[in-house]
Amino acid sequence: MNNVLGIINLHEDEKLLKEITRHRPLAAVPFGGRFRLIDFVLSNMVNSGIHHVGIVAKSKYRALMDHLRSGKEWDLARKRNGLFMMPPPDHIHYSNSIYKGDLEHFHNHLDSIKKSQQHYVLIAGSHTICNLNYSDVFKFHVDNQADITIVYKQEESCPEKYFAMATVLKVDGENRVTDMEVKSDKAAGGNICMETFVIAKELLLQIIEDCVARGEFDFIKEGIIKNLHRYKIYGYRYDGYMAKINSIQAYYQANMSLLLPEVWTELFSKLGPIYTKVKDTPPANYREYARVQNSMIANGCIIDGTVENSILFRGVKVQKGAYIKNSIIMQKSEVGSGAMLENIICDKDVKITDGKRLVGDPNYVMVIEKGMVV
Amino acid sequence: MRRKECLAMILAGGQGSRLGVLTKSLAKPAVPFGGKYRLIDFTLSNCYNSGFDTVGVLTQYQPLELHSYIGIGSSWDLDRNDGGVYILPPFVQQNGGEWYKGTANAIWQNAGFIDQFRPTYLLVLSGDHIYKMDYSYMVDFHKQTEADATIAVLEVAWPEASRFGIMNTDKDNRIVEFEEKPSQPKNNLASMGVYVFNWEVLRWYLAEDERNKASAHDFGKNVIPLMLQSGRKMMAYAFDGYWKDVGTLESLWEANMDLLSDKPKLDLYTPDWPIYSVNLQAAPQLISPTAKLSRSMVSLGCFVLGEVENSVLFSGIYVGEGAFIKDSVILPGAKICAGAHVERAVVGQQAVIEAGSRIGDGNKREITVVAERITVPENSVIPGGTVVE
C-alpha cells in the first residue's frame, strides 16, 4: 500500500447534523465515546498501510486541525509522506457560495497530488463508519485491472436502514458498475455507495482537469457517473459493519449500535485499533451508587447515578440520583443529581442542573447544544 | 548543551524485590498502578508539571519494558529539542565500567552527563513513589535558605517512624541528625527520597564517597550522613500531601484501594496537576446489561458482563457473566471468565482465570497473587494468601 495516496474528501453535507455541526465539520463530530468521525477512515488507511494522507478540508476546520495536529497519534507525523492538509484556497469563495464542488477544490491542490510518489489514490469520506481493510480493495482493483473501484454495501445486510440520502449503484454479475445515482431520497433495496474509491493517480488528474475545463465540479456526478461507460468501473462489495452518519437519527442509531458486543469488537479491533487524539484522563470511576448497564463508558467519567443504554464520552460526571437512559453524553458534560435524561444527545460541556427532566422521542432525539446550561 | 539551572535525575534501577512475581521481569518503576499508570508516571509528571524539562532516568534492573515505556518521553511532553528525557543505564568505559553499586554511585557514574548541562542544582528523585509534588517550590526553598542540600520530609505516624529514614531538625528546619530506621525515633519526619543538592558540593562528596571502599554508595546510608558530619547546611522541606512508597505487594494493593475511597488523598481527577502516562488506543469500556459495578475504577477496552466491587481494572480486561470481583486489582489484558470469583487478589497481566474458579479469600489478611500470563484452570480453588506463578 506504499503506492497508494489517501485522500479524505470532506465535501460532505454537513447541514444534516444540524446543531452538532454548527461549530465543527462533520469529520470532527464526536462519536463512540472518545473518537471523532474522521478517526475511522484515517485509522483504516493507516492500518491498511497507507502512510501518505491528504485532507480536503472544506469549512469550519479549526476543530479538525485541533484534533489532528501533526498526525502523530495516527503515526502520520513523518519526514516523508505523512499527513497533509488541503485547505480551501480562499474563503471568499465560501461566503459568496461560488465554490462549485469538490473537483474545484481538488484542482486547487493539483500540484500536491501530482508530486506525491504514489501511483494510486484512495479517496474516502469521513461520515462512513466501518473497519475496512483497504488493501483488499486495492488488490481487487489491481486484479480486475479496473480504472476505478467503488466500495459499496448491500442495504439489506445493514442493521439500520437510514440511507435516505445516500448514493446508490447497480452492479452486474462481473462486478462492473452499470448505474449510479446520487441522493435518491428513497434508496430502497440498493447497493449503498460508501464514497470510497480507488483510482490510478494519472486517471484522477485527467478526470479533474477534464471536468474543470468543462465547467464540471462534482467528482461523483460528473467525474464518475458521466464516465460510467467510458472507464472500467468496478464495485467492491463490503460485508462488514457499516454506518452512515447523514442525519441526527442515523448518528444516534450508529452510536447505539456500538453497544452490541459484536459491533464493538469488529469496529474497534478487527483490523487494528481506531486511533484518536489521546487525553490524559484517569480510568472511569464508578462510585457507590453507580448502576450502569448496557452502556459504553469512556475514561475520565465519574458516575454515581444510573446509566442505561447510553454512551458517555470522556470526563462526563453523573451525580448521585441522576438517571440517564438511551442517551449520548459528550465529553465533559455534567448531569446533576436527580436529573433525568431520556433519548437525549448532549453535546460537549453541557450542564444539566439538579432535578431537570428532559425526554426526547426515540424517533426524534433531542439535541442539547455545546456548552448549554439546562 | 545549553546550561540548565536545575537538572532532575530519577533513580529507576531498583528491583523492588518485595513485590515478588510482579517485578520478576520488570523494574519497580514500571509496575502498573491505578488502572492505567505505571509508578514512574508520577515522578515524570511531577517533573513536567513543576517545569523541569531535563530529566535523566537511571535504569539497571530489567530495564527493557521501562525503556520502551519511556521511549523519547513524548507522553510526558519530555521530547524536547533542548533537554528532555535521557535514559541512563550503566555503560562500559575505558577502564571496564561497572554496574551501579548504589544510588550515589549511579549519580557519580553519570557526573559527566550532568556536567554537560552545567547545572547549579541537582534534583534527585526516586522513580517508584506515588505522589503529586511541585518540585519548583522545593528548589525555591533550597535557594532561599542557601542550603547545600534540601531533603523533602513527610510527617509520619509515630509508631511507623522506625520504618523510615528519620530527620532530626532544629527549629529552623535545619537537619541536625539523620537516623536510618531508628528503633527509638526522636522525630517523625521521614525522608521521601527527594533531594535538592548544589551540584558542585554534591560532586565533591560523591567523589569522596567513591574513595571509601567500605561505603554502600547510598544517599541515605552514606552521602547524607557524610555531608552532615562535615557541617554542610542541610534543610528539611516539609511536604504534606499523599506520598507512598509501595515496597510490598500489600502496600501496592493498598495504594490501589486508597484511590477508591470517597475522598481519596490522591485525587487523579483534578485537572490542575495531571498525571501523564502512555495512552493506549482502544475502545471505551463496554458494560453489558448483566454487569454491576460500584466503587471501582475501570479503564478503556474492558468488556464487563459480571460484577465488580471495590476494585481497580486496568485496560482490556474481560469479565465474564456471573463473575464476581471484589477488593482486587486486575492488571491489563487479564481475562476473568464466567462465574469466577476473585477476592482480595492481584491478577497479573494477560492472566486467565477460567470459569468457576475461586481466587483469594476476603476473610484472610494476605493478598492472593496470580502472576502474569498464568492460566488458572476451570473450577480451581486458590486459597487466600497464595502466590500462583
# chains A, B, ... in the order shown; residues from 1 in each chain; ligands from 1
>>> residues_around(residues="A:Lys115", least_positions_apart="3", cutoff="12 Å", atoms="only C-alpha atoms", output="PyMOL selection string")
chain A and resi 5+52+81+109-112+118-119+201-202+205
>>> select_by_dssp(residues="stretch 83-230 of chain B", states="strand (DSSP E)", output="number ranges by chain")
B: 84-88, 121-126, 129-131, 149-155, 165-169, 175-180, 189-198
>>> interface_residues(of="chain B", to="chain A", cutoff="6 Å", atoms="only C-alpha atoms", output="MDAnalysis selection string")
chainID B and resid 276 281:289 294:299
>>> write_last_selection(atoms="C-alpha atoms", output="CSV table (one decimal), in the first residue's frame")
chain,number,residue,atom,x,y,z
B,276,TYR,CA,0.5,11.7,32.3
B,281,GLN,CA,-5.5,3.3,21.7
B,282,ALA,CA,-8.6,1.2,22.4
B,283,ALA,CA,-12.4,1.4,22.5
B,284,PRO,CA,-14.2,2.8,25.5
B,285,GLN,CA,-15.3,0.1,28.0
B,286,LEU,CA,-18.4,-1.8,27.2
B,287,ILE,CA,-20.7,-2.5,30.2
B,288,SER,CA,-23.2,-5.2,29.4
B,289,PRO,CA,-26.8,-5.4,30.6
B,294,SER,CA,-19.6,0.0,42.2
B,295,ARG,CA,-16.7,1.8,44.0
B,296,SER,CA,-14.4,0.8,41.2
B,297,MET,CA,-12.0,2.2,38.6
B,298,VAL,CA,-12.2,0.7,35.1
B,299,SER,CA,-10.0,1.6,32.2
>>> residues_around(residues="B:Val31", least_positions_apart="6", cutoff="12 Å", atoms="only C-alpha atoms", output="ChimeraX atom specification")
/B:12,14-17,19-25,37-42,62-63,65-66,69,127-130,246-249,252-253,331-332,348-349
>>> atom_distance(atom1="atom CA of B:Ala104", atom2="atom CA of B:Gln116")
18.7 Å
>>> residues_around(residues="stretch 79-96 of chain B", least_positions_apart="4", cutoff="12 Å", atoms="only C-alpha atoms", output="count of residues only")
57
>>> residues_around(residues="B:Val304", least_positions_apart="3", cutoff="9 Å", atoms="only C-alpha atoms", output="list of chain:residue names")
B:Gln285, B:Leu286, B:Ile287, B:Ser288, B:Thr290, B:Ala291, B:Lys292, B:Leu293, B:Glu307, B:Val308, B:Ile317, B:Tyr318, B:Val319, B:Gly320, B:Glu321
>>> write_last_selection(atoms="N, CA, C and O atoms", output="CSV table (one decimal), in the first residue's frame")
chain,number,residue,atom,x,y,z
B,285,GLN,N,-14.8,1.4,27.4
B,285,GLN,CA,-15.3,0.1,28.0
B,285,GLN,C,-16.8,-0.1,27.7
B,285,GLN,O,-17.6,0.8,27.7
B,286,LEU,N,-17.1,-1.4,27.5
B,286,LEU,CA,-18.4,-1.8,27.2
B,286,LEU,C,-19.0,-2.5,28.4
B,286,LEU,O,-18.4,-3.5,28.9
B,287,ILE,N,-20.1,-2.0,29.0
B,287,ILE,CA,-20.7,-2.5,30.2
B,287,ILE,C,-22.0,-3.2,29.7
B,287,ILE,O,-22.9,-2.5,29.2
B,288,SER,N,-22.1,-4.5,29.9
B,288,SER,CA,-23.2,-5.2,29.4
B,288,SER,C,-24.5,-5.1,30.3
B,288,SER,O,-24.4,-4.6,31.4
B,290,THR,N,-25.9,-7.2,32.0
B,290,THR,CA,-25.8,-8.1,33.2
B,290,THR,C,-24.8,-7.6,34.2
B,290,THR,O,-24.6,-8.2,35.2
B,291,ALA,N,-24.1,-6.5,33.8
B,291,ALA,CA,-23.0,-6.1,34.7
B,291,ALA,C,-23.5,-5.3,35.9
B,291,ALA,O,-24.6,-4.7,35.9
B,292,LYS,N,-22.6,-5.3,36.9
B,292,LYS,CA,-22.9,-4.4,38.1
B,292,LYS,C,-21.6,-3.9,38.6
B,292,LYS,O,-20.7,-4.7,38.8
B,293,LEU,N,-21.4,-2.6,38.7
B,293,LEU,CA,-20.2,-2.0,39.1
B,293,LEU,C,-20.4,-1.0,40.2
B,293,LEU,O,-21.3,-0.2,40.1
B,307,GLU,N,-19.8,-8.8,37.9
B,307,GLU,CA,-20.0,-7.9,39.0
B,307,GLU,C,-18.6,-7.4,39.5
B,307,GLU,O,-17.7,-8.3,39.7
B,308,VAL,N,-18.4,-6.1,39.6
B,308,VAL,CA,-17.1,-5.6,40.1
B,308,VAL,C,-17.4,-4.7,41.2
B,308,VAL,O,-18.1,-3.7,41.1
B,317,ILE,N,-9.6,-5.6,29.9
B,317,ILE,CA,-10.0,-6.8,30.7
B,317,ILE,C,-11.3,-7.3,30.4
B,317,ILE,O,-12.3,-6.6,30.1
B,318,TYR,N,-11.5,-8.7,30.3
B,318,TYR,CA,-12.8,-9.3,30.1
B,318,TYR,C,-13.3,-9.8,31.4
B,318,TYR,O,-12.6,-10.6,32.1
B,319,VAL,N,-14.5,-9.5,31.8
B,319,VAL,CA,-15.1,-10.0,33.0
B,319,VAL,C,-16.4,-10.8,32.5
B,319,VAL,O,-17.4,-10.1,32.1
B,320,GLY,N,-16.4,-12.1,32.6
B,320,GLY,CA,-17.5,-12.9,32.1
B,320,GLY,C,-18.7,-12.8,32.9
B,320,GLY,O,-18.7,-12.2,34.0
B,321,GLU,N,-19.8,-13.3,32.4
B,321,GLU,CA,-21.1,-13.2,33.0
B,321,GLU,C,-21.1,-14.0,34.3
B,321,GLU,O,-20.5,-15.1,34.4
>>> select_by_dssp(residues="stretch 183-344 of chain B", states="alpha helix (DSSP H)", output="ChimeraX atom specification")
/B:199-211,224-229,249-258
>>> write_last_selection(atoms="N, CA and C atoms", output="JSON list (two decimals), in the first residue's frame")
[["chain", "number", "residue", "atom", "x", "y", "z"],
["B", 199, "TRP", "N", 25.04, 21.16, 42.98],
["B", 199, "TRP", "CA", 25.77, 20.13, 42.24],
["B", 199, "TRP", "C", 27.27, 20.14, 42.55],
["B", 200, "GLU", "N", 27.86, 21.33, 42.65],
["B", 200, "GLU", "CA", 29.30, 21.40, 42.93],
["B", 200, "GLU", "C", 29.64, 20.71, 44.25],
["B", 201, "VAL", "N", 28.79, 20.96, 45.25],
["B", 201, "VAL", "CA", 29.01, 20.38, 46.57],
["B", 201, "VAL", "C", 28.82, 18.87, 46.52],
["B", 202, "LEU", "N", 27.71, 18.46, 45.91],
["B", 202, "LEU", "CA", 27.43, 17.04, 45.86],
["B", 202, "LEU", "C", 28.54, 16.29, 45.12],
["B", 203, "ARG", "N", 29.00, 16.88, 44.06],
["B", 203, "ARG", "CA", 30.02, 16.25, 43.22],
["B", 203, "ARG", "C", 31.26, 15.91, 44.08],
["B", 204, "TRP", "N", 31.63, 16.85, 44.95],
["B", 204, "TRP", "CA", 32.79, 16.65, 45.80],
["B", 204, "TRP", "C", 32.55, 15.48, 46.76],
["B", 205, "TYR", "N", 31.35, 15.43, 47.33],
["B", 205, "TYR", "CA", 31.05, 14.35, 48.30],
["B", 205, "TYR", "C", 30.91, 12.99, 47.62],
["B", 206, "LEU", "N", 30.41, 13.01, 46.41],
["B", 206, "LEU", "CA", 30.31, 11.74, 45.68],
["B", 206, "LEU", "C", 31.71, 11.18, 45.40],
["B", 207, "ALA", "N", 32.61, 12.07, 45.06],
["B", 207, "ALA", "CA", 33.99, 11.65, 44.79],
["B", 207, "ALA", "C", 34.61, 11.09, 46.07],
["B", 208, "GLU", "N", 34.31, 11.78, 47.16],
["B", 208, "GLU", "CA", 34.83, 11.37, 48.46],
["B", 208, "GLU", "C", 34.29, 9.98, 48.83],
["B", 209, "ASP", "N", 32.98, 9.82, 48.62],
["B", 209, "ASP", "CA", 32.33, 8.55, 48.95],
["B", 209, "ASP", "C", 32.87, 7.42, 48.08],
["B", 210, "GLU", "N", 33.20, 7.76, 46.86],
["B", 210, "GLU", "CA", 33.71, 6.77, 45.91],
["B", 210, "GLU", "C", 35.04, 6.19, 46.40],
["B", 211, "ARG", "N", 35.82, 7.03, 47.07],
["B", 211, "ARG", "CA", 37.13, 6.58, 47.56],
["B", 211, "ARG", "C", 37.02, 5.64, 48.74],
["B", 224, "ILE", "N", 24.47, 11.37, 52.70],
["B", 224, "ILE", "CA", 23.79, 12.36, 53.56],
["B", 224, "ILE", "C", 24.50, 12.43, 54.93],
["B", 225, "PRO", "N", 24.76, 11.29, 55.61],
["B", 225, "PRO", "CA", 25.48, 11.36, 56.89],
["B", 225, "PRO", "C", 26.86, 12.03, 56.76],
["B", 226, "LEU", "N", 27.54, 11.74, 55.65],
["B", 226, "LEU", "CA", 28.87, 12.32, 55.43],
["B", 226, "LEU", "C", 28.79, 13.85, 55.33],
["B", 227, "MET", "N", 27.78, 14.31, 54.59],
["B", 227, "MET", "CA", 27.62, 15.76, 54.44],
["B", 227, "MET", "C", 27.26, 16.40, 55.78],
["B", 228, "LEU", "N", 26.41, 15.71, 56.56],
["B", 228, "LEU", "CA", 26.02, 16.24, 57.86],
["B", 228, "LEU", "C", 27.22, 16.35, 58.79],
["B", 229, "GLN", "N", 28.03, 15.28, 58.79],
["B", 229, "GLN", "CA", 29.22, 15.24, 59.65],
["B", 229, "GLN", "C", 30.14, 16.42, 59.38],
["B", 249, "LEU", "N", 3.82, -6.10, 48.06],
["B", 249, "LEU", "CA", 2.57, -6.37, 47.36],
["B", 249, "LEU", "C", 1.38, -5.82, 48.10],
["B", 250, "GLU", "N", 1.42, -5.96, 49.45],
["B", 250, "GLU", "CA", 0.31, -5.45, 50.27],
["B", 250, "GLU", "C", 0.17, -3.94, 50.10],
["B", 251, "SER", "N", 1.31, -3.24, 50.15],
["B", 251, "SER", "CA", 1.20, -1.78, 50.07],
["B", 251, "SER", "C", 0.81, -1.33, 48.67],
["B", 252, "LEU", "N", 1.18, -2.10, 47.65],
["B", 252, "LEU", "CA", 0.75, -1.78, 46.28],
["B", 252, "LEU", "C", -0.77, -1.95, 46.16],
["B", 253, "TRP", "N", -1.23, -3.05, 46.71],
["B", 253, "TRP", "CA", -2.67, -3.32, 46.70],
["B", 253, "TRP", "C", -3.42, -2.23, 47.46],
["B", 254, "GLU", "N", -2.85, -1.88, 48.63],
["B", 254, "GLU", "CA", -3.46, -0.87, 49.48],
["B", 254, "GLU", "C", -3.52, 0.50, 48.78],
["B", 255, "ALA", "N", -2.42, 0.84, 48.10],
["B", 255, "ALA", "CA", -2.38, 2.13, 47.40],
["B", 255, "ALA", "C", -3.45, 2.17, 46.32],
["B", 256, "ASN", "N", -3.69, 1.06, 45.65],
["B", 256, "ASN", "CA", -4.77, 0.99, 44.66],
["B", 256, "ASN", "C", -6.13, 1.17, 45.34],
["B", 257, "MET", "N", -6.30, 0.52, 46.49],
["B", 257, "MET", "CA", -7.57, 0.63, 47.20],
["B", 257, "MET", "C", -7.80, 2.06, 47.71],
["B", 258, "ASP", "N", -6.68, 2.75, 48.07],
["B", 258, "ASP", "CA", -6.78, 4.14, 48.54],
["B", 258, "ASP", "C", -7.52, 5.02, 47.52]]
>>> decode(residues="stretch 284-362 of chain B", atoms="C-alpha atoms", output="PDB file, in the first residue's frame")
ATOM      1  CA  PRO B 284     -14.213   2.770  25.520  1.00  0.00           C
ATOM      2  CA  GLN B 285     -15.278   0.125  28.006  1.00  0.00           C
ATOM      3  CA  LEU B 286     -18.435  -1.798  27.216  1.00  0.00           C
ATOM      4  CA  ILE B 287     -20.691  -2.524  30.171  1.00  0.00           C
ATOM      5  CA  SER B 288     -23.243  -5.220  29.392  1.00  0.00           C
ATOM      6  CA  PRO B 289     -26.849  -5.421  30.614  1.00  0.00           C
ATOM      7  CA  THR B 290     -25.822  -8.093  33.150  1.00  0.00           C
ATOM      8  CA  ALA B 291     -22.970  -6.070  34.683  1.00  0.00           C
ATOM      9  CA  LYS B 292     -22.895  -4.433  38.095  1.00  0.00           C
ATOM     10  CA  LEU B 293     -20.165  -2.013  39.097  1.00  0.00           C
ATOM     11  CA  SER B 294     -19.592   0.019  42.207  1.00  0.00           C
ATOM     12  CA  ARG B 295     -16.715   1.776  43.956  1.00  0.00           C
ATOM     13  CA  SER B 296     -14.379   0.789  41.164  1.00  0.00           C
ATOM     14  CA  MET B 297     -12.042   2.213  38.576  1.00  0.00           C
ATOM     15  CA  VAL B 298     -12.214   0.677  35.133  1.00  0.00           C
ATOM     16  CA  SER B 299     -10.033   1.555  32.166  1.00  0.00           C
ATOM     17  CA  LEU B 300     -10.619   1.536  28.435  1.00  0.00           C
ATOM     18  CA  GLY B 301     -11.020  -1.574  26.314  1.00  0.00           C
ATOM     19  CA  CYS B 302     -12.674  -3.536  29.135  1.00  0.00           C
ATOM     20  CA  PHE B 303     -15.737  -5.656  28.465  1.00  0.00           C
ATOM     21  CA  VAL B 304     -17.669  -6.264  31.668  1.00  0.00           C
ATOM     22  CA  LEU B 305     -20.542  -8.728  31.965  1.00  0.00           C
ATOM     23  CA  GLY B 306     -20.079  -9.626  35.617  1.00  0.00           C
ATOM     24  CA  GLU B 307     -19.959  -7.877  38.961  1.00  0.00           C
ATOM     25  CA  VAL B 308     -17.126  -5.610  40.065  1.00  0.00           C
ATOM     26  CA  GLU B 309     -16.961  -4.142  43.542  1.00  0.00           C
ATOM     27  CA  ASN B 310     -14.267  -2.003  45.126  1.00  0.00           C
ATOM     28  CA  SER B 311     -11.674  -2.959  42.532  1.00  0.00           C
ATOM     29  CA  VAL B 312      -9.282  -1.482  40.007  1.00  0.00           C
ATOM     30  CA  LEU B 313      -9.474  -2.846  36.456  1.00  0.00           C
ATOM     31  CA  PHE B 314      -6.725  -1.927  34.012  1.00  0.00           C
ATOM     32  CA  SER B 315      -7.260  -1.788  30.246  1.00  0.00           C
ATOM     33  CA  GLY B 316      -8.546  -4.578  28.033  1.00  0.00           C
ATOM     34  CA  ILE B 317      -9.957  -6.813  30.728  1.00  0.00           C
ATOM     35  CA  TYR B 318     -12.770  -9.271  30.100  1.00  0.00           C
ATOM     36  CA  VAL B 319     -15.121 -10.036  32.977  1.00  0.00           C
ATOM     37  CA  GLY B 320     -17.477 -12.880  32.080  1.00  0.00           C
ATOM     38  CA  GLU B 321     -21.114 -13.216  33.034  1.00  0.00           C
ATOM     39  CA  GLY B 322     -21.678 -14.110  36.651  1.00  0.00           C
ATOM     40  CA  ALA B 323     -18.046 -13.447  37.536  1.00  0.00           C
ATOM     41  CA  PHE B 324     -17.509 -11.576  40.785  1.00  0.00           C
ATOM     42  CA  ILE B 325     -14.514  -9.375  41.558  1.00  0.00           C
ATOM     43  CA  LYS B 326     -14.111  -7.699  44.922  1.00  0.00           C
ATOM     44  CA  ASP B 327     -11.290  -5.747  46.597  1.00  0.00           C
ATOM     45  CA  SER B 328      -8.932  -6.694  43.784  1.00  0.00           C
ATOM     46  CA  VAL B 329      -6.522  -5.238  41.269  1.00  0.00           C
ATOM     47  CA  ILE B 330      -6.700  -6.728  37.775  1.00  0.00           C
ATOM     48  CA  LEU B 331      -3.773  -5.856  35.523  1.00  0.00           C
ATOM     49  CA  PRO B 332      -4.015  -5.198  31.742  1.00  0.00           C
ATOM     50  CA  GLY B 333      -5.422  -7.822  29.405  1.00  0.00           C
ATOM     51  CA  ALA B 334      -6.460 -10.320  32.078  1.00  0.00           C
ATOM     52  CA  LYS B 335      -9.496 -12.486  31.500  1.00  0.00           C
ATOM     53  CA  ILE B 336     -11.863 -13.370  34.326  1.00  0.00           C
ATOM     54  CA  CYS B 337     -14.197 -15.967  32.852  1.00  0.00           C
ATOM     55  CA  ALA B 338     -17.859 -16.604  33.621  1.00  0.00           C
ATOM     56  CA  GLY B 339     -18.687 -17.477  37.196  1.00  0.00           C
ATOM     57  CA  ALA B 340     -15.150 -16.955  38.503  1.00  0.00           C
ATOM     58  CA  HIS B 341     -14.820 -15.391  41.938  1.00  0.00           C
ATOM     59  CA  VAL B 342     -11.845 -13.129  42.694  1.00  0.00           C
ATOM     60  CA  GLU B 343     -11.472 -11.526  46.089  1.00  0.00           C
ATOM     61  CA  ARG B 344      -8.587  -9.625  47.742  1.00  0.00           C
ATOM     62  CA  ALA B 345      -6.280 -10.502  44.877  1.00  0.00           C
ATOM     63  CA  VAL B 346      -3.873  -9.075  42.350  1.00  0.00           C
ATOM     64  CA  VAL B 347      -4.262 -10.738  38.947  1.00  0.00           C
ATOM     65  CA  GLY B 348      -1.271 -10.236  36.625  1.00  0.00           C
ATOM     66  CA  GLN B 349      -1.185  -9.050  33.006  1.00  0.00           C
ATOM     67  CA  GLN B 350      -2.766 -11.406  30.480  1.00  0.00           C
ATOM     68  CA  ALA B 351      -3.578 -13.954  33.173  1.00  0.00           C
ATOM     69  CA  VAL B 352      -6.672 -16.075  32.576  1.00  0.00           C
ATOM     70  CA  ILE B 353      -8.952 -17.145  35.402  1.00  0.00           C
ATOM     71  CA  GLU B 354     -11.095 -19.822  33.838  1.00  0.00           C
ATOM     72  CA  ALA B 355     -14.780 -20.352  34.533  1.00  0.00           C
ATOM     73  CA  GLY B 356     -15.894 -21.164  38.035  1.00  0.00           C
ATOM     74  CA  SER B 357     -12.514 -20.669  39.726  1.00  0.00           C
ATOM     75  CA  ARG B 358     -12.211 -19.101  43.150  1.00  0.00           C
ATOM     76  CA  ILE B 359      -9.212 -16.861  43.732  1.00  0.00           C
ATOM     77  CA  GLY B 360      -8.398 -15.490  47.164  1.00  0.00           C
ATOM     78  CA  ASP B 361     -10.279 -15.108  50.369  1.00  0.00           C
ATOM     79  CA  GLY B 362     -11.954 -11.978  51.701  1.00  0.00           C
TER      80      GLY B 362
END
